[in-house]
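Chemist: query17.cif (mmCIF, C-alpha atoms) pasted underneath:
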```cif
data_data
loop_
_atom_site.group_PDB
_atom_site.id
_atom_site.type_symbol
_atom_site.label_atom_id
_atom_site.label_comp_id
_atom_site.auth_asym_id
_atom_site.auth_seq_id
_atom_site.Cartn_x
_atom_site.Cartn_y
_atom_site.Cartn_z
ATOM 1 C CA MET A 850 4.900 -38.027 -8.612
ATOM 2 C CA SER A 851 5.283 -39.121 -4.986
ATOM 3 C CA ALA A 852 2.316 -38.717 -2.687
ATOM 4 C CA GLN A 853 2.301 -35.924 -0.122
ATOM 5 C CA PRO A 854 3.228 -37.289 3.337
ATOM 6 C CA PRO A 855 0.696 -36.926 6.143
ATOM 7 C CA VAL A 856 0.947 -33.711 8.121
ATOM 8 C CA PRO A 857 2.283 -34.482 11.615
ATOM 9 C CA PRO A 858 0.693 -32.794 14.623
ATOM 10 C CA HIS A 859 2.643 -29.974 16.236
ATOM 11 C CA ARG A 860 2.437 -29.137 19.897
ATOM 12 C CA CYS A 861 3.102 -25.397 19.524
ATOM 13 C CA GLY A 862 0.860 -22.742 18.062
ATOM 14 C CA GLY A 863 1.971 -19.763 15.995
ATOM 15 C CA GLU A 864 4.213 -20.117 12.962
ATOM 16 C CA PHE A 865 4.293 -23.915 12.756
ATOM 17 C CA THR A 866 0.550 -24.286 13.163
ATOM 18 C CA LEU A 867 0.001 -21.763 10.377
ATOM 19 C CA ILE A 868 2.480 -23.579 8.111
ATOM 20 C CA GLU A 869 0.686 -26.872 8.702
ATOM 21 C CA TRP A 870 -2.646 -25.215 7.888
ATOM 22 C CA ILE A 871 -1.183 -23.752 4.675
ATOM 23 C CA ARG A 872 0.242 -27.157 3.735
ATOM 24 C CA ARG A 873 -3.154 -28.815 4.109
ATOM 25 C CA ARG A 874 -4.951 -25.991 2.293
ATOM 26 C CA VAL A 875 -2.573 -25.981 -0.688
ATOM 27 C CA GLY A 876 -2.413 -29.757 -1.130
ATOM 28 C CA SER A 877 -0.651 -31.421 -4.038
ATOM 29 C CA HIS A 878 -0.047 -30.187 -7.581
ATOM 30 C CA PRO A 879 1.168 -32.032 -10.708
ATOM 31 C CA ARG A 880 4.203 -29.722 -10.974
ATOM 32 C CA LEU A 881 5.343 -30.413 -7.413
ATOM 33 C CA GLU A 882 7.402 -33.521 -6.845
ATOM 34 C CA VAL A 883 8.124 -32.217 -3.348
ATOM 35 C CA GLY A 884 6.017 -29.364 -2.025
ATOM 36 C CA ILE A 885 5.601 -27.624 1.324
ATOM 37 C CA GLY A 886 7.209 -29.498 4.203
ATOM 38 C CA ASP A 887 10.852 -29.879 3.203
ATOM 39 C CA ASP A 888 13.798 -27.483 3.024
ATOM 40 C CA ALA A 889 13.138 -26.723 -0.633
ATOM 41 C CA ALA A 890 10.519 -27.588 -3.206
ATOM 42 C CA VAL A 891 11.183 -29.899 -6.157
ATOM 43 C CA LEU A 892 9.488 -28.697 -9.349
ATOM 44 C CA CYS A 893 8.729 -30.787 -12.402
ATOM 45 C CA TRP A 894 9.898 -28.101 -14.828
ATOM 46 C CA PRO A 895 8.253 -27.738 -18.266
ATOM 47 C CA GLU A 896 10.013 -26.976 -21.510
ATOM 48 C CA PRO A 897 11.556 -24.647 -22.585
ATOM 49 C CA GLU A 898 14.517 -24.539 -20.243
ATOM 50 C CA ARG A 899 14.495 -20.755 -19.820
ATOM 51 C CA MET A 900 12.528 -19.432 -16.883
ATOM 52 C CA LEU A 901 10.973 -16.130 -15.841
ATOM 53 C CA VAL A 902 11.220 -14.928 -12.242
ATOM 54 C CA ALA A 903 9.180 -12.057 -10.773
ATOM 55 C CA VAL A 904 8.954 -10.894 -7.165
ATOM 56 C CA ASP A 905 6.812 -8.235 -5.533
ATOM 57 C CA MET A 906 6.422 -7.188 -1.908
ATOM 58 C CA LEU A 907 3.271 -5.658 -0.414
ATOM 59 C CA VAL A 908 3.591 -3.614 2.786
ATOM 60 C CA GLU A 909 0.652 -2.591 4.948
ATOM 61 C CA GLY A 910 0.207 1.157 4.860
ATOM 62 C CA VAL A 911 1.977 1.447 1.509
ATOM 63 C CA HIS A 912 0.250 -0.979 -0.869
ATOM 64 C CA PHE A 913 -2.923 -1.742 1.076
ATOM 65 C CA ASP A 914 -4.967 -0.748 4.105
ATOM 66 C CA LEU A 915 -6.698 -3.504 6.074
ATOM 67 C CA GLN A 916 -9.321 -0.954 7.090
ATOM 68 C CA GLN A 917 -10.377 -0.799 3.441
ATOM 69 C CA ALA A 918 -9.393 -4.228 2.087
ATOM 70 C CA THR A 919 -10.054 -7.734 3.323
ATOM 71 C CA PRO A 920 -7.128 -10.086 4.000
ATOM 72 C CA GLU A 921 -8.392 -12.272 1.141
ATOM 73 C CA GLN A 922 -8.156 -9.318 -1.262
ATOM 74 C CA VAL A 923 -4.630 -8.529 -0.068
ATOM 75 C CA GLY A 924 -3.492 -12.145 -0.498
ATOM 76 C CA ARG A 925 -4.992 -12.302 -3.967
ATOM 77 C CA LYS A 926 -3.312 -9.033 -4.967
ATOM 78 C CA ALA A 927 0.081 -10.263 -3.746
ATOM 79 C CA LEU A 928 -0.029 -13.075 -6.313
ATOM 80 C CA ALA A 929 -1.865 -11.084 -8.999
ATOM 81 C CA VAL A 930 0.791 -8.346 -9.279
ATOM 82 C CA ASN A 931 3.402 -11.006 -10.009
ATOM 83 C CA LEU A 932 1.191 -12.757 -12.546
ATOM 84 C CA SER A 933 0.825 -9.385 -14.265
ATOM 85 C CA ASP A 934 4.622 -9.167 -14.532
ATOM 86 C CA ILE A 935 4.737 -12.646 -16.071
ATOM 87 C CA ALA A 936 2.036 -11.595 -18.544
ATOM 88 C CA ALA A 937 4.113 -8.519 -19.410
ATOM 89 C CA MET A 938 6.931 -10.823 -20.518
ATOM 90 C CA ALA A 939 4.522 -12.927 -22.623
ATOM 91 C CA GLY A 940 4.928 -15.868 -20.296
ATOM 92 C CA ARG A 941 2.889 -18.351 -18.320
ATOM 93 C CA PRO A 942 3.222 -18.791 -14.570
ATOM 94 C CA VAL A 943 4.320 -22.171 -13.231
ATOM 95 C CA ALA A 944 4.927 -21.929 -9.492
ATOM 96 C CA ALA A 945 5.096 -19.438 -6.628
ATOM 97 C CA VAL A 946 6.661 -19.137 -3.193
ATOM 98 C CA VAL A 947 5.207 -16.908 -0.471
ATOM 99 C CA SER A 948 6.902 -15.088 2.416
ATOM 100 C CA LEU A 949 4.746 -13.605 5.159
ATOM 101 C CA ALA A 950 5.747 -11.356 8.078
ATOM 102 C CA LEU A 951 2.814 -11.153 10.497
ATOM 103 C CA PRO A 952 2.717 -8.424 13.147
ATOM 104 C CA ARG A 953 3.196 -9.840 16.617
ATOM 105 C CA GLY A 954 -0.046 -10.469 18.416
ATOM 106 C CA GLN A 955 -1.998 -11.273 15.248
ATOM 107 C CA ASP A 956 -3.737 -14.624 15.386
ATOM 108 C CA GLU A 957 -3.486 -17.401 12.832
ATOM 109 C CA GLU A 958 -6.772 -16.367 11.210
ATOM 110 C CA LEU A 959 -5.133 -13.396 9.481
ATOM 111 C CA GLY A 960 -2.459 -15.621 7.925
ATOM 112 C CA GLN A 961 -5.092 -18.129 6.852
ATOM 113 C CA ARG A 962 -7.312 -15.488 5.282
ATOM 114 C CA LEU A 963 -4.375 -13.974 3.382
ATOM 115 C CA HIS A 964 -3.563 -17.405 1.969
ATOM 116 C CA GLU A 965 -7.205 -18.110 1.090
ATOM 117 C CA GLY A 966 -7.182 -15.200 -1.336
ATOM 118 C CA LEU A 967 -3.809 -16.215 -2.690
ATOM 119 C CA VAL A 968 -4.706 -19.896 -3.102
ATOM 120 C CA GLY A 969 -7.946 -19.051 -4.895
ATOM 121 C CA LEU A 970 -6.121 -17.154 -7.631
ATOM 122 C CA ALA A 971 -3.368 -19.796 -7.791
ATOM 123 C CA GLU A 972 -5.976 -22.469 -8.440
ATOM 124 C CA ALA A 973 -7.693 -20.333 -11.086
ATOM 125 C CA THR A 974 -4.412 -19.794 -12.960
ATOM 126 C CA ASP A 975 -2.913 -23.274 -12.388
ATOM 127 C CA VAL A 976 -0.008 -21.969 -10.331
ATOM 128 C CA ALA A 977 1.675 -24.446 -7.995
ATOM 129 C CA LEU A 978 2.279 -22.974 -4.530
ATOM 130 C CA ALA A 979 5.649 -24.502 -3.729
ATOM 131 C CA GLY A 980 6.332 -23.099 -0.257
ATOM 132 C CA GLY A 981 7.798 -20.005 1.358
ATOM 133 C CA ASP A 982 8.429 -18.643 4.824
ATOM 134 C CA THR A 983 6.530 -17.097 7.727
ATOM 135 C CA THR A 984 7.835 -14.971 10.572
ATOM 136 C CA ALA A 985 6.699 -12.467 13.183
ATOM 137 C CA THR A 986 7.547 -8.776 13.054
ATOM 138 C CA ASP A 987 7.265 -5.687 15.223
ATOM 139 C CA GLY A 988 6.529 -3.707 12.066
ATOM 140 C CA PRO A 989 3.620 -3.743 9.621
ATOM 141 C CA LEU A 990 2.265 -6.758 7.799
ATOM 142 C CA VAL A 991 4.499 -7.684 4.844
ATOM 143 C CA LEU A 992 3.617 -10.193 2.138
ATOM 144 C CA SER A 993 6.153 -11.094 -0.572
ATOM 145 C CA VAL A 994 5.471 -13.457 -3.467
ATOM 146 C CA THR A 995 7.941 -14.792 -6.024
ATOM 147 C CA VAL A 996 6.513 -16.326 -9.188
ATOM 148 C CA ILE A 997 8.484 -18.574 -11.528
ATOM 149 C CA GLY A 998 7.242 -18.887 -15.086
ATOM 150 C CA ALA A 999 8.173 -19.951 -18.585
ATOM 151 C CA PRO A 1000 8.104 -17.880 -21.778
ATOM 152 C CA LEU A 1001 5.414 -18.718 -24.288
ATOM 153 C CA PRO A 1002 6.609 -19.875 -27.728
ATOM 154 C CA GLY A 1003 8.096 -16.798 -29.370
ATOM 155 C CA GLY A 1004 8.708 -15.119 -25.997
ATOM 156 C CA PRO A 1005 9.800 -13.569 -23.834
ATOM 157 C CA VAL A 1006 8.850 -10.094 -25.035
ATOM 158 C CA LEU A 1007 10.931 -7.275 -23.552
ATOM 159 C CA ARG A 1008 10.506 -3.523 -23.146
ATOM 160 C CA SER A 1009 13.366 -2.894 -25.556
ATOM 161 C CA GLY A 1010 11.855 -3.924 -28.903
ATOM 162 C CA ALA A 1011 9.634 -0.945 -29.805
ATOM 163 C CA ARG A 1012 10.276 0.551 -33.261
ATOM 164 C CA PRO A 1013 9.222 3.836 -34.899
ATOM 165 C CA GLY A 1014 5.893 3.249 -36.630
ATOM 166 C CA ASP A 1015 4.648 0.698 -34.093
ATOM 167 C CA ARG A 1016 1.150 1.270 -32.783
ATOM 168 C CA LEU A 1017 0.649 1.522 -29.029
ATOM 169 C CA LEU A 1018 -2.186 -0.711 -27.855
ATOM 170 C CA VAL A 1019 -3.598 -0.889 -24.334
ATOM 171 C CA THR A 1020 -5.940 -3.427 -22.770
ATOM 172 C CA GLY A 1021 -8.849 -2.514 -20.519
ATOM 173 C CA CYS A 1022 -9.433 0.920 -19.012
ATOM 174 C CA LEU A 1023 -7.145 3.217 -17.030
ATOM 175 C CA GLY A 1024 -7.368 5.443 -13.971
ATOM 176 C CA GLN A 1025 -9.374 5.484 -10.736
ATOM 177 C CA SER A 1026 -7.585 2.263 -9.770
ATOM 178 C CA ARG A 1027 -7.006 2.946 -6.072
ATOM 179 C CA HIS A 1028 -10.642 2.572 -5.072
ATOM 180 C CA ARG A 1029 -11.336 -1.095 -5.889
ATOM 181 C CA HIS A 1030 -9.622 -2.068 -9.120
ATOM 182 C CA HIS A 1031 -6.133 -2.557 -7.624
ATOM 183 C CA LEU A 1032 -7.565 -5.265 -5.361
ATOM 184 C CA GLU A 1033 -9.749 -7.013 -7.943
ATOM 185 C CA PHE A 1034 -7.946 -6.820 -11.289
ATOM 186 C CA THR A 1035 -7.435 -9.836 -13.536
ATOM 187 C CA PRO A 1036 -3.834 -10.428 -14.673
ATOM 188 C CA ARG A 1037 -3.792 -10.249 -18.480
ATOM 189 C CA LEU A 1038 -2.139 -13.613 -19.087
ATOM 190 C CA ALA A 1039 -4.450 -14.753 -21.881
ATOM 191 C CA GLU A 1040 -4.359 -11.336 -23.536
ATOM 192 C CA ALA A 1041 -0.546 -11.340 -23.584
ATOM 193 C CA GLY A 1042 -0.576 -14.719 -25.307
ATOM 194 C CA ALA A 1043 -3.017 -13.481 -27.932
ATOM 195 C CA LEU A 1044 -0.933 -10.361 -28.590
ATOM 196 C CA LEU A 1045 2.122 -12.558 -29.036
ATOM 197 C CA ASP A 1046 0.214 -14.817 -31.430
ATOM 198 C CA SER A 1047 -0.489 -11.801 -33.651
ATOM 199 C CA GLY A 1048 3.094 -12.026 -34.910
ATOM 200 C CA GLY A 1049 3.694 -8.280 -34.631
ATOM 201 C CA LEU A 1050 4.329 -7.773 -30.921
ATOM 202 C CA HIS A 1051 7.614 -5.877 -30.429
ATOM 203 C CA ALA A 1052 7.505 -4.634 -26.818
ATOM 204 C CA LEU A 1053 5.286 -5.166 -23.790
ATOM 205 C CA ILE A 1054 4.884 -3.825 -20.252
ATOM 206 C CA ASP A 1055 2.200 -3.906 -17.587
ATOM 207 C CA ILE A 1056 0.908 -0.571 -16.340
ATOM 208 C CA SER A 1057 1.675 -0.664 -12.638
ATOM 209 C CA ASP A 1058 3.273 2.766 -12.060
ATOM 210 C CA GLY A 1059 1.028 4.739 -14.424
ATOM 211 C CA LEU A 1060 0.564 4.938 -18.197
ATOM 212 C CA ALA A 1061 3.071 7.764 -18.691
ATOM 213 C CA ALA A 1062 5.693 6.363 -16.316
ATOM 214 C CA ASP A 1063 5.545 2.874 -17.804
ATOM 215 C CA LEU A 1064 5.499 4.223 -21.362
ATOM 216 C CA TYR A 1065 8.783 5.982 -20.569
ATOM 217 C CA HIS A 1066 10.251 2.677 -19.379
ATOM 218 C CA VAL A 1067 9.589 1.301 -22.872
ATOM 219 C CA LEU A 1068 10.921 4.423 -24.566
ATOM 220 C CA ALA A 1069 14.130 4.406 -22.534
ATOM 221 C CA GLU A 1070 14.815 0.726 -23.171
ATOM 222 C CA SER A 1071 13.967 0.970 -26.882
ATOM 223 C CA GLY A 1072 15.607 4.331 -27.614
ATOM 224 C CA VAL A 1073 12.466 5.823 -29.164
ATOM 225 C CA GLY A 1074 9.736 8.406 -28.523
ATOM 226 C CA ALA A 1075 5.938 8.296 -28.608
ATOM 227 C CA ARG A 1076 2.862 10.348 -29.424
ATOM 228 C CA LEU A 1077 -0.411 9.497 -27.693
ATOM 229 C CA ARG A 1078 -3.927 10.671 -28.597
ATOM 230 C CA ALA A 1079 -5.772 11.867 -25.497
ATOM 231 C CA GLU A 1080 -9.239 11.125 -26.841
ATOM 232 C CA ASP A 1081 -8.356 7.471 -27.492
ATOM 233 C CA ILE A 1082 -7.033 6.647 -24.006
ATOM 234 C CA PRO A 1083 -9.704 4.411 -22.423
ATOM 235 C CA LEU A 1084 -10.919 5.878 -19.127
ATOM 236 C CA ARG A 1085 -12.258 3.809 -16.247
ATOM 237 C CA GLU A 1086 -15.626 4.980 -15.013
ATOM 238 C CA PRO A 1087 -15.444 6.286 -11.439
ATOM 239 C CA GLU A 1088 -17.450 4.503 -8.785
ATOM 240 C CA PRO A 1089 -20.784 6.071 -7.764
ATOM 241 C CA GLY A 1090 -20.123 8.900 -5.367
ATOM 242 C CA ARG A 1091 -16.555 9.357 -6.615
ATOM 243 C CA GLU A 1092 -17.340 11.235 -9.828
ATOM 244 C CA HIS A 1093 -15.404 14.283 -8.613
ATOM 245 C CA SER A 1094 -11.745 13.797 -7.795
ATOM 246 C CA PRO A 1095 -10.795 15.183 -4.352
ATOM 247 C CA ASP A 1096 -7.652 16.728 -5.846
ATOM 248 C CA GLY A 1097 -9.491 18.232 -8.804
ATOM 249 C CA ARG A 1098 -7.711 16.129 -11.433
ATOM 250 C CA THR A 1099 -9.544 15.110 -14.577
ATOM 251 C CA ALA A 1100 -10.317 11.520 -15.556
ATOM 252 C CA LEU A 1101 -7.601 11.803 -18.222
ATOM 253 C CA ALA A 1102 -5.031 12.893 -15.613
ATOM 254 C CA HIS A 1103 -5.954 9.895 -13.466
ATOM 255 C CA ALA A 1104 -5.622 7.559 -16.458
ATOM 256 C CA ILE A 1105 -2.168 8.903 -17.296
ATOM 257 C CA SER A 1106 -0.639 8.844 -13.841
ATOM 258 C CA ASP A 1107 -2.600 6.862 -11.236
ATOM 259 C CA GLY A 1108 -0.794 3.520 -11.468
ATOM 260 C CA GLU A 1109 -1.955 0.093 -10.303
ATOM 261 C CA ASP A 1110 -4.082 -0.448 -13.411
ATOM 262 C CA PHE A 1111 -2.188 -3.661 -14.264
ATOM 263 C CA GLU A 1112 -3.255 -3.475 -17.899
ATOM 264 C CA LEU A 1113 -0.900 -4.221 -20.799
ATOM 265 C CA LEU A 1114 0.759 -1.584 -22.972
ATOM 266 C CA ALA A 1115 2.037 -3.106 -26.206
ATOM 267 C CA ALA A 1116 4.078 -1.824 -29.141
ATOM 268 C CA VAL A 1117 2.765 -3.681 -32.193
ATOM 269 C CA GLU A 1118 3.657 -3.608 -35.886
ATOM 270 C CA PRO A 1119 1.011 -1.494 -37.697
ATOM 271 C CA GLY A 1120 -0.512 -4.247 -39.834
ATOM 272 C CA ALA A 1121 -0.869 -6.663 -36.929
ATOM 273 C CA ALA A 1122 -2.221 -3.860 -34.735
ATOM 274 C CA ALA A 1123 -4.913 -3.018 -37.283
ATOM 275 C CA GLU A 1124 -6.014 -6.652 -37.389
ATOM 276 C CA LEU A 1125 -6.100 -6.850 -33.591
ATOM 277 C CA ILE A 1126 -8.248 -3.727 -33.320
ATOM 278 C CA ALA A 1127 -10.577 -4.865 -36.118
ATOM 279 C CA ALA A 1128 -11.069 -8.327 -34.647
ATOM 280 C CA PRO A 1129 -9.831 -8.511 -31.032
ATOM 281 C CA PRO A 1130 -8.934 -12.105 -30.055
ATOM 282 C CA PHE A 1131 -10.227 -11.631 -26.501
ATOM 283 C CA ALA A 1132 -13.166 -10.034 -24.698
ATOM 284 C CA THR A 1133 -11.067 -7.476 -22.799
ATOM 285 C CA PRO A 1134 -11.293 -4.065 -24.497
ATOM 286 C CA LEU A 1135 -8.305 -3.182 -26.675
ATOM 287 C CA ALA A 1136 -7.531 0.378 -27.798
ATOM 288 C CA ASP A 1137 -5.012 1.982 -30.153
ATOM 289 C CA ILE A 1138 -3.816 5.057 -28.251
ATOM 290 C CA GLY A 1139 -0.889 6.286 -30.359
ATOM 291 C CA GLU A 1140 2.368 5.385 -32.001
ATOM 292 C CA ILE A 1141 6.087 5.009 -31.491
ATOM 293 C CA VAL A 1142 8.123 7.778 -33.138
ATOM 294 C CA GLU A 1143 11.732 8.833 -33.456
ATOM 295 C CA GLY A 1144 13.180 10.641 -30.452
ATOM 296 C CA ASN A 1145 13.364 9.982 -26.729
ATOM 297 C CA SER A 1146 10.315 11.648 -25.202
ATOM 298 C CA ALA A 1147 6.522 11.508 -25.351
ATOM 299 C CA GLU A 1148 3.856 13.998 -26.303
ATOM 300 C CA LEU A 1149 0.085 14.086 -26.088
ATOM 301 C CA LEU A 1150 -2.274 15.169 -28.868
ATOM 302 C CA MET A 1151 -5.210 16.880 -27.171
ATOM 303 C CA PRO A 1152 -8.769 16.806 -28.559
ATOM 304 C CA ASP A 1153 -8.517 20.495 -29.530
ATOM 305 C CA GLY A 1154 -5.457 19.793 -31.701
ATOM 306 C CA ARG A 1155 -2.817 21.068 -29.269
ATOM 307 C CA ILE A 1156 0.299 18.939 -28.805
ATOM 308 C CA VAL A 1157 1.641 19.059 -25.245
ATOM 309 C CA PRO A 1158 4.658 17.356 -23.675
ATOM 310 C CA LEU A 1159 3.847 14.213 -21.705
ATOM 311 C CA PRO A 1160 6.249 13.844 -18.751
ATOM 312 C CA PRO A 1161 6.796 10.472 -17.047
ATOM 313 C CA LEU A 1162 4.039 10.990 -14.476
ATOM 314 C CA GLY A 1163 3.293 8.106 -12.160
ATOM 315 C CA TYR A 1164 3.984 6.471 -8.837
ATOM 316 C CA GLU A 1165 7.519 6.075 -7.524
ATOM 317 C CA HIS A 1166 8.548 4.776 -4.090
ATOM 318 C CA GLN A 1167 10.530 7.342 -2.100
ATOM 319 C CA LEU A 1168 13.544 5.705 -0.447
ATOM 320 C CA ASP A 1169 14.658 8.622 1.737
#
```
Here is a file; write its structure as structure tokens.

Modeler:
Amino acid sequence: MSAQPPVPPHRCGGEFTLIEWIRRRVGSHPRLEVGIGDDAAVLCWPEPERMLVAVDMLVEGVHFDLQQATPEQVGRKALAVNLSDIAAMAGRPVAAVVSLALPRGQDEELGQRLHEGLVGLAEATDVALAGGDTTATDGPLVLSVTVIGAPLPGGPVLRSGARPGDRLLVTGCLGQSRHRHHLEFTPRLAEAGALLDSGGLHALIDISDGLAADLYHVLAESGVGARLRAEDIPLREPEPGREHSPDGRTALAHAISDGEDFELLAAVEPGAAAELIAAPPFATPLADIGEIVEGNSAELLMPDGRIVPLPPLGYEHQLD
């Protein structure tokens, strides 16, 4: 691999100074033959030849609030949500490109702090930061990350493979995600690989819009229905002082519809699912919360024995 050229000085501040700082901060990576500093990056691409591509955009006031989150947390989240999508395809991330629209009048420190959070997670997950773009805007801060990955052997795993009889497994805990979890979650890359290694993984999705909403994505793509058991859905403990929901919803309601949990929901062949639950191959909690059934809708078995319809509750961006 050719050495990175020295970074030339630039007489102007603003965009170019920030790009030069990012270039120095990111440095070299074994997968980058040519990195930041040219018109396009040159990647040393691994086998297999197929690639995964995921992109997500974070907008201030919609996905984060800088009065409640640090720039480092926002930068980290911008990469993490894409890594979660790669995990949901049973893949491994290879490289990422970053586009940043900074509000006019913001100094370079904000751009640097955003990238500090992003670079930290990239280093922890061995993702090569290959470049991107920066610009100024009269609107809110916008941060968009595109991640390129490769399917693991036996992958990718799609939403469309669920079969009647499959068990529905979920990693981690759900609900109460908008307080801190959505800024601090760990993308379930290793867990996705272990689920794939079980040999019984039929369908996979990450829970970003809410358990019910994302379950319906799987059901629609697979042409099946589902029955969940309310008492087996793992609930995230609320933070101290937030034990009572301002809107009066229960912990179960939050777990079903909050979104931004970024856990994995997997449809797994019953025998493989039983082995995974009996001897989980990772430290992250793993729960069996129901099964895939014939049909095209979902229902919820309540602790008192009642069966109630489960609509596709969750977060959806309004475009009007």

Chemist: Which one is closest to A:Leu901: A:Val1006, A:Leu967, A:Val923, A:Leu1045? Count all atoms listed in the file.

Modeler: A:Val1006

Chemist: Report, in Å with one decimal, the straight-line distance from atom CA of A:Leu915 to atom CA of A:Leu1023.

Modeler: 24.1 Å

Chemist: Given the file above and the PyMOL selection byres ((chain A and resi 922) around 8), which residues are selected, and can you give them as a list of chain:residue names?

Modeler: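 Expected selection for the PyMOL selection byres ((chain A and resi 922) around 8) here is A:Ala918, A:Thr919, A:Pro920, A:Glu921, A:Val923, A:Gly924, A:Arg925, A:Lys926, A:Leu963, A:Gly966, A:Leu1032, A:Glu1033.
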
Chemist: Rank nothing, just name the residue among A:Ala1123, A:Ala1079, A:Cys1022, A:Ala937 nearest to A:Glu1040, using only C-alpha atoms.

Modeler: A:Ala937

Chemist: Could the centre and edge lengths of an axis-aligned box, enclosing all atoms of stretch 1014-1018 of chain A in the file with 8 Å extra on each side, be given in Å to one decimal as JSON?

Modeler:
```
{"center_x": 1.9, "center_y": 1.3, "center_z": -32.2, "size_x": 24.1, "size_y": 20.0, "size_z": 24.8}
```

Chemist: Can you pull stretch 993-1005 of chain A out of that block with N, CA and C atoms and hand it back as a PDB file, in the first residue's frame?

Modeler:
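New file out.pdb:
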```
ATOM      1  N   SER A 993     -24.420  12.650   7.441  1.00  0.00           N
ATOM      2  CA  SER A 993     -24.811  11.451   6.701  1.00  0.00           C
ATOM      3  C   SER A 993     -23.604  10.533   6.545  1.00  0.00           C
ATOM      4  N   VAL A 994     -23.793   9.273   6.858  1.00  0.00           N
ATOM      5  CA  VAL A 994     -22.720   8.280   6.764  1.00  0.00           C
ATOM      6  C   VAL A 994     -23.179   7.139   5.867  1.00  0.00           C
ATOM      7  N   THR A 995     -22.309   6.735   4.957  1.00  0.00           N
ATOM      8  CA  THR A 995     -22.538   5.549   4.132  1.00  0.00           C
ATOM      9  C   THR A 995     -21.484   4.509   4.496  1.00  0.00           C
ATOM     10  N   VAL A 996     -21.932   3.314   4.826  1.00  0.00           N
ATOM     11  CA  VAL A 996     -21.027   2.226   5.172  1.00  0.00           C
ATOM     12  C   VAL A 996     -21.088   1.157   4.091  1.00  0.00           C
ATOM     13  N   ILE A 997     -19.933   0.688   3.686  1.00  0.00           N
ATOM     14  CA  ILE A 997     -19.803  -0.404   2.722  1.00  0.00           C
ATOM     15  C   ILE A 997     -19.297  -1.621   3.482  1.00  0.00           C
ATOM     16  N   GLY A 998     -19.941  -2.754   3.271  1.00  0.00           N
ATOM     17  CA  GLY A 998     -19.550  -3.960   3.981  1.00  0.00           C
ATOM     18  C   GLY A 998     -19.563  -5.177   3.077  1.00  0.00           C
ATOM     19  N   ALA A 999     -19.258  -6.309   3.661  1.00  0.00           N
ATOM     20  CA  ALA A 999     -19.258  -7.576   2.941  1.00  0.00           C
ATOM     21  C   ALA A 999     -20.057  -8.591   3.740  1.00  0.00           C
ATOM     22  N   PRO A1000     -20.831  -9.445   3.071  1.00  0.00           N
ATOM     23  CA  PRO A1000     -21.572 -10.473   3.800  1.00  0.00           C
ATOM     24  C   PRO A1000     -20.630 -11.484   4.428  1.00  0.00           C
ATOM     25  N   LEU A1001     -20.980 -11.945   5.606  1.00  0.00           N
ATOM     26  CA  LEU A1001     -20.247 -13.045   6.222  1.00  0.00           C
ATOM     27  C   LEU A1001     -20.533 -14.335   5.446  1.00  0.00           C
ATOM     28  N   PRO A1002     -19.668 -15.345   5.576  1.00  0.00           N
ATOM     29  CA  PRO A1002     -19.942 -16.617   4.900  1.00  0.00           C
ATOM     30  C   PRO A1002     -21.324 -17.154   5.274  1.00  0.00           C
ATOM     31  N   GLY A1003     -22.124 -17.444   4.275  1.00  0.00           N
ATOM     32  CA  GLY A1003     -23.503 -17.861   4.513  1.00  0.00           C
ATOM     33  C   GLY A1003     -24.491 -16.722   4.432  1.00  0.00           C
ATOM     34  N   GLY A1004     -24.002 -15.472   4.384  1.00  0.00           N
ATOM     35  CA  GLY A1004     -24.871 -14.305   4.283  1.00  0.00           C
ATOM     36  C   GLY A1004     -24.937 -13.808   2.846  1.00  0.00           C
ATOM     37  N   PRO A1005     -25.659 -12.731   2.615  1.00  0.00           N
ATOM     38  CA  PRO A1005     -26.412 -11.969   3.616  1.00  0.00           C
ATOM     39  C   PRO A1005     -27.714 -12.655   4.014  1.00  0.00           C
TER      40      PRO A1005
END
```
